[in-house]
Protein chains: 2
Amino acid sequence: MLEKVDLTKSMDKTEYKAKMQMLKIRLGELQRQCKIQNIPLIILFEGFGASGKGVQIGKLIQSLDPRGFKVFTIKEETKEEQMHPFLWRFWKKTPERGRIAFFDGSWYRRVLIDRFDGKIKKKDLSDAYQSICSFEKQLTDDGCVMIKLLLNISKEEQKKRLKKLEDSKETAWRVTKGDHERNERYGEYVQMMEEMLQITDTDYAPWSIIEAMDRKFATVKIYTVVIKALEECLEKSRKDKVREKAAEALAELSTEDITTTETYKADTDEKKLQESILAKVDLNLSLDREAYKKQLKKLQNKIEILHSEVYRRKIPVVLCFEGWDAGGKGGAIKRLTEKMDPRGFVVNPTASPNDIEKAHHYLWRFWCAMPKKGHVAIFDRTWYGRVMVERIEGFCTKQEWQRAYKEINDMEKDLSDAGAVVLKFWMQIDKAEQERRFTARQENPEKQWKITEEDWRNREKWDQYEEAVNEMLIRTSTENAPWIVVEGNDKYYARIKVLETVISSIEQRITN
Amino acid sequence: MLEKVDLTKSMDKTEYKAKMQMLKIRLGELQRQCKIQNIPLIILFEGFGASGKGVQIGKLIQSLDPRGFKVFTIKEETKEEQMHPFLWRFWKKTPERGRIAFFDGSWYRRVLIDRFDGKIKKKDLSDAYQSICSFEKQLTDDGCVMIKLLLNISKEEQKKRLKKLEDSKETAWRVTKGDHERNERYGEYVQMMEEMLQITDTDYAPWSIIEAMDRKFATVKIYTVVIKALEECLEKSRKDKVREKAAEALAELSTEDITTTETYKADTDEKKLQESILAKVDLNLSLDREAYKKQLKKLQNKIEILHSEVYRRKIPVVLCFEGWDAGGKGGAIKRLTEKMDPRGFVVNPTASPNDIEKAHHYLWRFWCAMPKKGHVAIFDRTWYGRVMVERIEGFCTKQEWQRAYKEINDMEKDLSDAGAVVLKFWMQIDKAEQERRFTARQENPEKQWKITEEDWRNREKWDQYEEAVNEMLIRTSTENAPWIVVEGNDKYYARIKVLETVISSIEQRITN
């Protein structure tokens with residue numbers, strides 16, 4: 001793409017001033033509309049060193065309400081960031097609905113500068129591209145508008161600009177050795193950009209190339225590109241709303257005409273055909289108290305040692321707990337962590353999302369909580385809410401939860417690519433056992449708080465949940481992030497199984 | 001995913017009969033509705049050898065109108081197929097709108113059996129996955145419903161079935177050495193399947209896993225899965241139509257309310273900001289008749305030799321010609337091919353699509369015309385119609401042409417991955433030159449047929465075309481399939497440039 005770009009473009013001052021006056025007003029107007037419509041926006045700047053990314057961001061934000069945006073400058077990873085998957089720092093920075101995030105440099109650093117510097121292996125490169133495409137698709141599927149600007153200058157121009165920066169005491173520090181190297185091997189760097197463009201110029205997140213030799217020309221072009229993108233997304237959002245409303249209205253009117261005339265009733269006995277992992281679980285498995293106590297002690301000692309081993313070897317560990325209400329998640333987590341060093345693990349309880357969390361992608365809050373290398377993150381309920389409670393209660397659309405299986409698999413692959421041990425436990429009990437536990441809780445004053453009206457309501461939807469869980473277990477049990485179904489009617493048995501599984505998985509990782 | 005599947009499921013005869021009676025009626029009904037709604041359908045069967053793929057296809061088609069489907073059995077590539085990109089044989093088999101294609105085996109052969117047999121390299125594997133995902137996305141984006149069934153049996157069961165087949169004279173031939181090997185290294189094969197599932201279980205083309213130990217159970221489950229998928233897509237299609245109609249109606253009513261109240265006029269001088277490859281082209285370049293004749297002879301001799309070299313080395317060559325009406329495409333193609341061996345090249349003229357072509361994906365007719373190894377395919381107008389005439393005349397939606405850049409880049413990457421030289425020529429002339437040529441054609445009785453009313457009408461849309469062409473040149477000029485803009489006001493110069501470019505590109509490939 002780049003070799004076709006005309007770098008001679010420029011604009012004189014009078015024209016610039018006239019245009020900018022109008023463009024600035026328009027951009028401010030559109031920002032306000034996006035805010036009202038709750039549309040999140042990412043504007044990222046990539047391009048050669050000294051191509052003017054910082055200056056252009058400065059020009060752009062002049063027209064914006066400062067409460068509505070944040071600017072992030074992406075340099076080398078900090079130590080903290082190095083200890084996470086490479087997308088982690090970007091996930092954390094994704095904007096809330098209605099707000100704008102500017103990126104001076106971005107996740108493309110991984111496939112440009114890091115690659116140029118020989119910091120990533122070939123296998124990692126194709127993983128990185130896959131992760132980037134998946135990341136951008138997830139955000140834009142969720143309604144985010146992504147504007148990707150590539151600022152383009154010639155080799156000679158870059159050289160001149162670098163020299164100018166270095167000639168002044170105030171700016172010399174901004175030029176790095178890397179800048180010079182990329183200037184010297186300009187052709188090589190361009191080729192990496194070309195590959196990047198080919199893989200990541202998608203319909204949902206297209207690139208715009210900005211001829212950046214003349215600053216004024218570039219500013220006007222950037223404003224124009226951004227304005228056009230915002231106008232299009234507002235128009236689309238408006239149309240979608242009209243469509244939805246109209247469809248609802250019409251659907252009410254016309255249901256009679258459209259149902260099939262021939263007689264066919266959906267097979268009510270469909271359950272038999274479904275994946276039935278849960279039905280197969282042997283809930284009679286149990287352990288007596290004596291054996292339990294003995295084993296528990298042994299395993300807890302072992303996990304204490306392993307935990308420090310995990311820390312020394314810098315292995316991140318992600319342990320997920322899902323299961324029926326009163327299925328024994330809390331008890332299992334308690335036994336698992338009792339002897340662990342509290343500085344090395346965190347238990348993240350997952351409740352319904354708060355307002356800030358709701359204003360982000362549903363995976364955002366979980367990304368933020370992912371452990372750094374050597375640490376253990378335990379999730380008491382997880383992102384799988386998307387394909388269980390959100391699916392069943394209609395908190396998201398069918399499209400959204402169907403898309404989620406792949407989104408979740410991709411996220412867990414990113415974790416595992418970054419070296420993490422990922423285990424997911426499903427605590428299984430039967431309906432009768434749940435009732436016993438609910439009743440016991442209600443009768444115990446210390447545990448009454450644990451049981452609510454909602455728990456009883458959820459219980460009525462047991463069959464729907466069972467269908468959803470079975471599908472979830474099938475679609476998201478992967479080699480790198482397997483589901484372990486825990487036979488939970490007997491708490492002793494369940495807790496020991498969890499401990500044993502965690503231990504053996506970590507041991508396996510360590511000996512590999 | 002697979003380790004979670006319960007292979008013990010079965011169904012007795014009475015239940016089977018009762019269910020099947022209903023399911024068969026329903027499936028037939030749905031096929032007719034899909035036909036009316038013009039929905040194309042792909043049902044593919046993958047899974048272990050002897051898992052019953054053939055039998056199950058047989059069961060399924062019993063309920064279908066035989067004029068509405070085709071069954072394809074995918075074995076090793078034929079010699080002809082080996083000489084094309086691996087997806088080529090599948091592209092050719094994609095169904096027309098309203099029809100069904102069954103695949104017993106599929107494109108997944110490449111990442112399963114071929115991989116197992118060590119026939120593809122690691123780099124090719126990740127390319128293959130990329131191509132498969134892109135292929136499935138393109139078809140489903142185009143309205144095709146894709147049902148992917150994975151038939152699952154245990155290692156022991158497979159062994160038993162293979163033995164049974166071998167014990168009978170009539171069926172022994174169906175068991176291959178490969179079947180045995182995959183049975184022996186069952187675990188390894190399963191792992192490849194797991195990876196496949198993880199990468200290709202998407203929301204647009206999800207996998208369904210069929211427990212195939214019991215034939216009756218599997219049949220009922222397959223019917224149920226297919227019926228559910230068809231019901232969903234018909235429902236979606238219905239809703240989309242309601243939505244569109246409603247939106248149209250409402251849009252007419254409500255345009256006044258929704259336009260922005262603040263005063264802003266779109267920058268009419270936007271052209272200046274656009275990519276302007278065409279504006280830069282130096283149309284004064286020319287060649288005198290003497291020099292032309294001399295060079296033409298030399299170059300044509302060279303291409304004759306190169307053409308046979310291309311054949312010997314089995315290099316496929318794809319040459320695309322686009323340009324303004326009367327831009328000189330025909331003349332250039334004529335000079336290029338004059339001395340070439342007619343058995344080794346084909347010129348594909350591209351007119352507006354006929355009815356059969358319209359009933360397929362827009363890329364289908366071009367895929368079918370792709371050259372085999374050692375052959376040259378020349379396209380006089382191409383798939384780029386999607387982002388030029390179809391864009392401008394509104395023959396496709398904005399979403400569709402915006403998606404097309406990536407679809408086209410992906411297709412050309414598939415060609416190039418398969419070893420092809422791909423060159424794309426844009427024959428550039430200016431508006432005045434076009435008028436001279438149009439008039440000259442009209443005045444020449446032998447050339448009058450070449451000029452129509454439509455040519456004059458298109459000419460009025462020059463500016464729109466220029467914008468579209470500039471965007472196309474930027475977005476789709478890639479290293480493996482570059483655009484060459486040919487300065488065409490002087491025909492002699494243009495023809496020589498085309499010849500020289502073809503020669504130097506092929507020479508470069510040969511010496512590499």
# chains A, B, ... in the order shown; residues from 1 in each chain; ligands from 1
>>> residues_around(residues="Trp456 of chain A", least_positions_apart="5", cutoff="10 Å", atoms="only C-alpha atoms", output="list of chain:residue names")
A:Asp325, A:Glu435, A:Phe438, A:Ile451, A:Lys461
>>> write_last_selection(atoms="N, CA and C atoms", output="PDB file, in the first residue's frame")
ATOM      1  N   ASP A 325     -25.268 -22.625  42.174  1.00  0.00           N
ATOM      2  CA  ASP A 325     -25.330 -21.952  43.464  1.00  0.00           C
ATOM      3  C   ASP A 325     -25.235 -23.023  44.556  1.00  0.00           C
ATOM      4  N   GLU A 435     -31.071 -28.265  46.957  1.00  0.00           N
ATOM      5  CA  GLU A 435     -32.168 -27.922  47.857  1.00  0.00           C
ATOM      6  C   GLU A 435     -31.758 -28.142  49.307  1.00  0.00           C
ATOM      7  N   PHE A 438     -29.512 -25.269  50.275  1.00  0.00           N
ATOM      8  CA  PHE A 438     -30.259 -24.013  50.424  1.00  0.00           C
ATOM      9  C   PHE A 438     -30.985 -23.998  51.772  1.00  0.00           C
ATOM     10  N   ILE A 451     -28.008 -16.832  51.114  1.00  0.00           N
ATOM     11  CA  ILE A 451     -29.099 -17.327  50.273  1.00  0.00           C
ATOM     12  C   ILE A 451     -30.151 -16.237  50.064  1.00  0.00           C
ATOM     13  N   LYS A 461     -34.799 -22.261  36.873  1.00  0.00           N
ATOM     14  CA  LYS A 461     -34.323 -22.323  35.489  1.00  0.00           C
ATOM     15  C   LYS A 461     -33.244 -23.385  35.313  1.00  0.00           C
TER      16      LYS A 461
END
>>> interface_residues(of="chain B", to="chain A", cutoff="7 Å", atoms="only C-alpha atoms", output="mmCIF file with C-alpha atoms, in the first residue's frame")
data_model
loop_
_atom_site.group_PDB
_atom_site.id
_atom_site.type_symbol
_atom_site.label_atom_id
_atom_site.label_comp_id
_atom_site.auth_asym_id
_atom_site.auth_seq_id
_atom_site.Cartn_x
_atom_site.Cartn_y
_atom_site.Cartn_z
ATOM 1 C CA MET B 1 -13.766 -29.956 23.095
ATOM 2 C CA LYS B 4 -15.936 -33.800 26.960
ATOM 3 C CA VAL B 5 -18.148 -35.659 24.510
ATOM 4 C CA ASP B 6 -20.307 -38.512 25.777
ATOM 5 C CA ARG B 26 -39.809 -30.817 8.551
ATOM 6 C CA ASP B 201 -15.297 -22.806 15.794
ATOM 7 C CA THR B 202 -16.560 -19.327 14.954
ATOM 8 C CA ASP B 203 -19.888 -17.626 15.438
ATOM 9 C CA LYS B 221 -29.053 -35.534 16.092
ATOM 10 C CA VAL B 242 -38.962 -6.711 7.922
ATOM 11 C CA ARG B 243 -36.288 -4.459 9.354
ATOM 12 C CA GLU B 244 -35.152 -3.188 5.980
ATOM 13 C CA ALA B 246 -39.569 -0.744 8.009
ATOM 14 C CA ALA B 247 -36.391 1.295 8.013
ATOM 15 C CA TYR B 264 -21.862 22.271 8.765
ATOM 16 C CA LEU B 273 -7.151 15.284 0.558
ATOM 17 C CA GLU B 275 -5.078 9.634 -2.193
ATOM 18 C CA SER B 276 -4.238 10.795 -5.667
ATOM 19 C CA ILE B 277 -2.153 8.247 -7.394
ATOM 20 C CA GLN B 402 -15.770 -2.100 2.011
ATOM 21 C CA ARG B 403 -15.386 -5.742 2.987
ATOM 22 C CA LYS B 406 -9.727 -7.562 2.438
ATOM 23 C CA ILE B 474 -3.885 2.054 -2.218
ATOM 24 C CA ARG B 475 -5.764 -0.670 -0.401
ATOM 25 C CA THR B 476 -4.980 -3.553 -2.687
ATOM 26 C CA SER B 477 -1.466 -2.966 -3.901
ATOM 27 C CA THR B 478 0.477 -5.607 -2.003
#
>>> residues_around(residues="Ala369 of chain B", least_positions_apart="6", cutoff="10 Å", atoms="only C-alpha atoms", output="NGL selection string")
:B and (88 or 92 or 346-348 or 377-379)
>>> residues_around(residues="Phe135 of chain A", least_positions_apart="2", cutoff="12 Å", atoms="only C-alpha atoms", output="number ranges by chain")
A: 86-88, 90-91, 94, 107-108, 128-133, 137-142, 144, 146, 200, 204-205, 361, 363-364, 367, 406-408, 410-411, 414
>>> atom_distance(atom1="atom CA of Val318 of chain A", atom2="atom CA of Val376 of chain A")
6.0 Å
>>> residues_around(residues="Gln56 of chain B", least_positions_apart="5", cutoff="10 Å", atoms="only C-alpha atoms", output="number ranges by chain")
B: 45, 51, 61, 104, 151, 212, 215-216, 218-220, 222-223
>>> write_last_selection(atoms="all heavy atoms", output="compact mmCIF listing (two decimals), in the first residue's frame")
# COMPACT_ATOMS: atom_id res chain seq x y z
N PHE B 45 -19.28 -32.78 6.40
CA PHE B 45 -19.05 -33.87 7.34
C PHE B 45 -17.56 -34.13 7.48
O PHE B 45 -16.88 -34.40 6.50
CB PHE B 45 -19.72 -35.15 6.84
CG PHE B 45 -21.22 -35.12 6.95
CD1 PHE B 45 -21.98 -34.36 6.09
CD2 PHE B 45 -21.87 -35.86 7.93
CE1 PHE B 45 -23.37 -34.33 6.20
CE2 PHE B 45 -23.25 -35.84 8.05
CZ PHE B 45 -24.00 -35.08 7.19
N SER B 51 -16.63 -43.47 10.62
CA SER B 51 -17.57 -42.92 11.60
C SER B 51 -18.96 -42.79 11.00
O SER B 51 -19.91 -42.42 11.69
CB SER B 51 -17.09 -41.56 12.12
OG SER B 51 -16.99 -40.64 11.06
N ILE B 61 -30.20 -36.95 2.80
CA ILE B 61 -30.74 -36.54 1.50
C ILE B 61 -32.06 -37.24 1.18
O ILE B 61 -32.76 -36.83 0.27
CB ILE B 61 -29.74 -36.78 0.35
CG1 ILE B 61 -29.36 -38.24 0.26
CG2 ILE B 61 -28.50 -35.91 0.53
CD1 ILE B 61 -28.40 -38.53 -0.87
N ASP B 104 -18.57 -34.64 1.87
CA ASP B 104 -18.08 -35.78 2.63
C ASP B 104 -16.56 -35.63 2.65
O ASP B 104 -15.88 -35.98 1.69
CB ASP B 104 -18.53 -37.06 1.92
CG ASP B 104 -17.97 -38.30 2.59
OD1 ASP B 104 -17.28 -38.17 3.63
OD2 ASP B 104 -18.22 -39.41 2.06
N LEU B 151 -18.14 -36.01 13.20
CA LEU B 151 -18.61 -37.30 13.68
C LEU B 151 -17.53 -37.96 14.51
O LEU B 151 -16.41 -38.17 14.07
CB LEU B 151 -19.02 -38.20 12.50
CG LEU B 151 -20.47 -38.04 12.06
CD1 LEU B 151 -20.79 -36.62 11.72
CD2 LEU B 151 -20.80 -38.98 10.91
N ALA B 212 -21.29 -40.45 17.38
CA ALA B 212 -21.63 -41.32 16.24
C ALA B 212 -21.44 -42.80 16.53
O ALA B 212 -21.34 -43.60 15.62
CB ALA B 212 -20.83 -40.90 15.01
N ARG B 215 -25.71 -45.39 15.39
CA ARG B 215 -26.08 -44.79 14.12
C ARG B 215 -27.39 -44.02 14.22
O ARG B 215 -27.54 -42.92 13.70
CB ARG B 215 -26.16 -45.88 13.04
CG ARG B 215 -25.85 -45.38 11.65
CD ARG B 215 -27.08 -44.93 10.89
NE ARG B 215 -28.07 -45.98 10.77
CZ ARG B 215 -29.38 -45.76 10.81
NH1 ARG B 215 -29.85 -44.53 10.97
NH2 ARG B 215 -30.24 -46.76 10.69
N LYS B 216 -28.37 -44.61 14.88
CA LYS B 216 -29.69 -43.97 14.94
C LYS B 216 -29.63 -42.66 15.72
O LYS B 216 -30.21 -41.66 15.31
CB LYS B 216 -30.69 -44.93 15.59
CG LYS B 216 -30.98 -46.15 14.76
CD LYS B 216 -32.20 -46.87 15.29
CE LYS B 216 -32.15 -48.36 14.94
NZ LYS B 216 -31.07 -49.09 15.66
N ALA B 218 -27.12 -40.75 16.05
CA ALA B 218 -26.42 -39.76 15.23
C ALA B 218 -27.33 -39.18 14.16
O ALA B 218 -27.36 -37.97 13.92
CB ALA B 218 -25.18 -40.38 14.61
N THR B 219 -28.11 -40.04 13.50
CA THR B 219 -29.00 -39.55 12.45
C THR B 219 -29.99 -38.53 13.00
O THR B 219 -30.19 -37.45 12.42
CB THR B 219 -29.78 -40.72 11.82
OG1 THR B 219 -28.85 -41.70 11.37
CG2 THR B 219 -30.62 -40.25 10.64
N VAL B 220 -30.61 -38.88 14.12
CA VAL B 220 -31.59 -37.97 14.71
C VAL B 220 -30.91 -36.66 15.11
O VAL B 220 -31.43 -35.57 14.87
CB VAL B 220 -32.28 -38.63 15.92
CG1 VAL B 220 -33.11 -37.61 16.69
CG2 VAL B 220 -33.16 -39.77 15.45
N ILE B 222 -28.20 -35.29 13.84
CA ILE B 222 -27.83 -34.52 12.65
C ILE B 222 -29.05 -33.82 12.07
O ILE B 222 -29.03 -32.62 11.76
CB ILE B 222 -27.17 -35.43 11.59
CG1 ILE B 222 -25.79 -35.86 12.08
CG2 ILE B 222 -27.06 -34.72 10.25
CD1 ILE B 222 -25.15 -36.96 11.26
N TYR B 223 -30.16 -34.57 11.92
CA TYR B 223 -31.39 -33.93 11.45
C TYR B 223 -31.76 -32.73 12.33
O TYR B 223 -32.13 -31.67 11.83
CB TYR B 223 -32.54 -34.95 11.49
CG TYR B 223 -32.84 -35.59 10.15
CD1 TYR B 223 -32.17 -36.74 9.75
CD2 TYR B 223 -33.77 -35.04 9.28
CE1 TYR B 223 -32.44 -37.33 8.53
CE2 TYR B 223 -34.04 -35.62 8.05
CZ TYR B 223 -33.37 -36.77 7.68
OH TYR B 223 -33.64 -37.35 6.46
>>> select_by_dssp(residues="segment 119-271 of chain B", states="strand (DSSP E)", output="JSON, numbers by chain")
{"B": [145, 146, 147, 148, 149, 150, 151, 152, 207, 208, 209, 210, 211]}
>>> atom_distance(atom1="atom CA of Thr382 of chain A", atom2="atom CA of Ala351 of chain A")
9.1 Å
>>> residues_around(residues="Gln295 of chain A", least_positions_apart="3", cutoff="10 Å", atoms="only C-alpha atoms", output="list in words")
Arg289, Glu290, Ala291, Tyr292, Lys298, Leu299, Gln300, Asn301, Tyr492, Ile496, Leu499 and Glu500 of chain A
>>> write_last_selection(atoms="N, CA, C and O atoms", output="PDB file, in the first residue's frame")
ATOM      1  N   ARG A 289     -14.367 -38.514  56.352  1.00  0.00           N
ATOM      2  CA  ARG A 289     -13.764 -37.368  57.026  1.00  0.00           C
ATOM      3  C   ARG A 289     -12.298 -37.600  57.380  1.00  0.00           C
ATOM      4  O   ARG A 289     -11.462 -36.706  57.226  1.00  0.00           O
ATOM      5  N   GLU A 290     -12.014 -38.799  57.838  1.00  0.00           N
ATOM      6  CA  GLU A 290     -10.642 -39.115  58.233  1.00  0.00           C
ATOM      7  C   GLU A 290      -9.669 -38.961  57.051  1.00  0.00           C
ATOM      8  O   GLU A 290      -8.678 -38.251  57.117  1.00  0.00           O
ATOM      9  N   ALA A 291     -10.044 -39.655  55.967  1.00  0.00           N
ATOM     10  CA  ALA A 291      -9.204 -39.633  54.765  1.00  0.00           C
ATOM     11  C   ALA A 291      -9.057 -38.206  54.252  1.00  0.00           C
ATOM     12  O   ALA A 291      -7.979 -37.767  53.842  1.00  0.00           O
ATOM     13  N   TYR A 292     -10.174 -37.485  54.288  1.00  0.00           N
ATOM     14  CA  TYR A 292     -10.180 -36.094  53.832  1.00  0.00           C
ATOM     15  C   TYR A 292      -9.160 -35.266  54.599  1.00  0.00           C
ATOM     16  O   TYR A 292      -8.308 -34.576  54.017  1.00  0.00           O
ATOM     17  N   LYS A 298      -1.820 -32.970  53.574  1.00  0.00           N
ATOM     18  CA  LYS A 298      -0.717 -33.300  52.676  1.00  0.00           C
ATOM     19  C   LYS A 298      -0.717 -32.380  51.438  1.00  0.00           C
ATOM     20  O   LYS A 298       0.306 -31.815  51.050  1.00  0.00           O
ATOM     21  N   LEU A 299      -1.903 -32.243  50.861  1.00  0.00           N
ATOM     22  CA  LEU A 299      -1.990 -31.467  49.622  1.00  0.00           C
ATOM     23  C   LEU A 299      -1.760 -29.975  49.876  1.00  0.00           C
ATOM     24  O   LEU A 299      -1.141 -29.284  49.065  1.00  0.00           O
ATOM     25  N   GLN A 300      -2.236 -29.489  50.988  1.00  0.00           N
ATOM     26  CA  GLN A 300      -2.030 -28.067  51.294  1.00  0.00           C
ATOM     27  C   GLN A 300      -0.548 -27.764  51.490  1.00  0.00           C
ATOM     28  O   GLN A 300      -0.055 -26.712  51.094  1.00  0.00           O
ATOM     29  N   ASN A 301       0.144 -28.718  52.123  1.00  0.00           N
ATOM     30  CA  ASN A 301       1.588 -28.525  52.258  1.00  0.00           C
ATOM     31  C   ASN A 301       2.263 -28.484  50.888  1.00  0.00           C
ATOM     32  O   ASN A 301       3.159 -27.695  50.643  1.00  0.00           O
ATOM     33  N   TYR A 492     -16.091 -33.094  50.630  1.00  0.00           N
ATOM     34  CA  TYR A 492     -14.716 -33.552  50.858  1.00  0.00           C
ATOM     35  C   TYR A 492     -14.066 -34.000  49.552  1.00  0.00           C
ATOM     36  O   TYR A 492     -12.951 -33.619  49.203  1.00  0.00           O
ATOM     37  N   ILE A 496     -10.807 -32.108  47.566  1.00  0.00           N
ATOM     38  CA  ILE A 496      -9.567 -32.842  47.296  1.00  0.00           C
ATOM     39  C   ILE A 496      -9.298 -32.908  45.794  1.00  0.00           C
ATOM     40  O   ILE A 496      -8.176 -32.729  45.338  1.00  0.00           O
ATOM     41  N   LEU A 499      -7.846 -29.585  44.641  1.00  0.00           N
ATOM     42  CA  LEU A 499      -6.445 -29.448  45.057  1.00  0.00           C
ATOM     43  C   LEU A 499      -5.524 -30.348  44.224  1.00  0.00           C
ATOM     44  O   LEU A 499      -4.471 -29.921  43.751  1.00  0.00           O
ATOM     45  N   GLU A 500      -5.943 -31.575  44.077  1.00  0.00           N
ATOM     46  CA  GLU A 500      -5.109 -32.510  43.309  1.00  0.00           C
ATOM     47  C   GLU A 500      -4.912 -32.047  41.871  1.00  0.00           C
ATOM     48  O   GLU A 500      -3.813 -32.146  41.311  1.00  0.00           O
TER      49      GLU A 500
END
>>> residues_around(residues="segment 162-173 of chain A", least_positions_apart="4", cutoff="9 Å", atoms="only C-alpha atoms", output="JSON, numbers by chain")
{"A": [49, 50, 157, 158, 179, 180]}
>>> write_last_selection(atoms="N, CA and C atoms", output="mmCIF file, in the first residue's frame")
data_model
loop_
_atom_site.group_PDB
_atom_site.id
_atom_site.type_symbol
_atom_site.label_atom_id
_atom_site.label_comp_id
_atom_site.auth_asym_id
_atom_site.auth_seq_id
_atom_site.Cartn_x
_atom_site.Cartn_y
_atom_site.Cartn_z
ATOM 1 N N GLY A 49 9.170 7.253 13.135
ATOM 2 C CA GLY A 49 9.631 8.195 14.142
ATOM 3 C C GLY A 49 9.729 9.581 13.536
ATOM 4 N N ALA A 50 9.394 10.610 14.305
ATOM 5 C CA ALA A 50 9.464 11.996 13.856
ATOM 6 C C ALA A 50 8.480 12.315 12.730
ATOM 7 N N GLU A 157 13.292 12.729 4.543
ATOM 8 C CA GLU A 157 12.614 13.650 5.435
ATOM 9 C C GLU A 157 12.820 13.225 6.904
ATOM 10 N N GLN A 158 12.714 11.929 7.122
ATOM 11 C CA GLN A 158 12.884 11.445 8.494
ATOM 12 C C GLN A 158 14.286 11.772 9.007
ATOM 13 N N ASP A 179 15.516 4.956 16.596
ATOM 14 C CA ASP A 179 15.053 5.829 15.509
ATOM 15 C C ASP A 179 16.064 5.842 14.361
ATOM 16 N N HIS A 180 17.320 5.975 14.719
ATOM 17 C CA HIS A 180 18.358 6.002 13.676
ATOM 18 C C HIS A 180 18.436 4.685 12.925
#
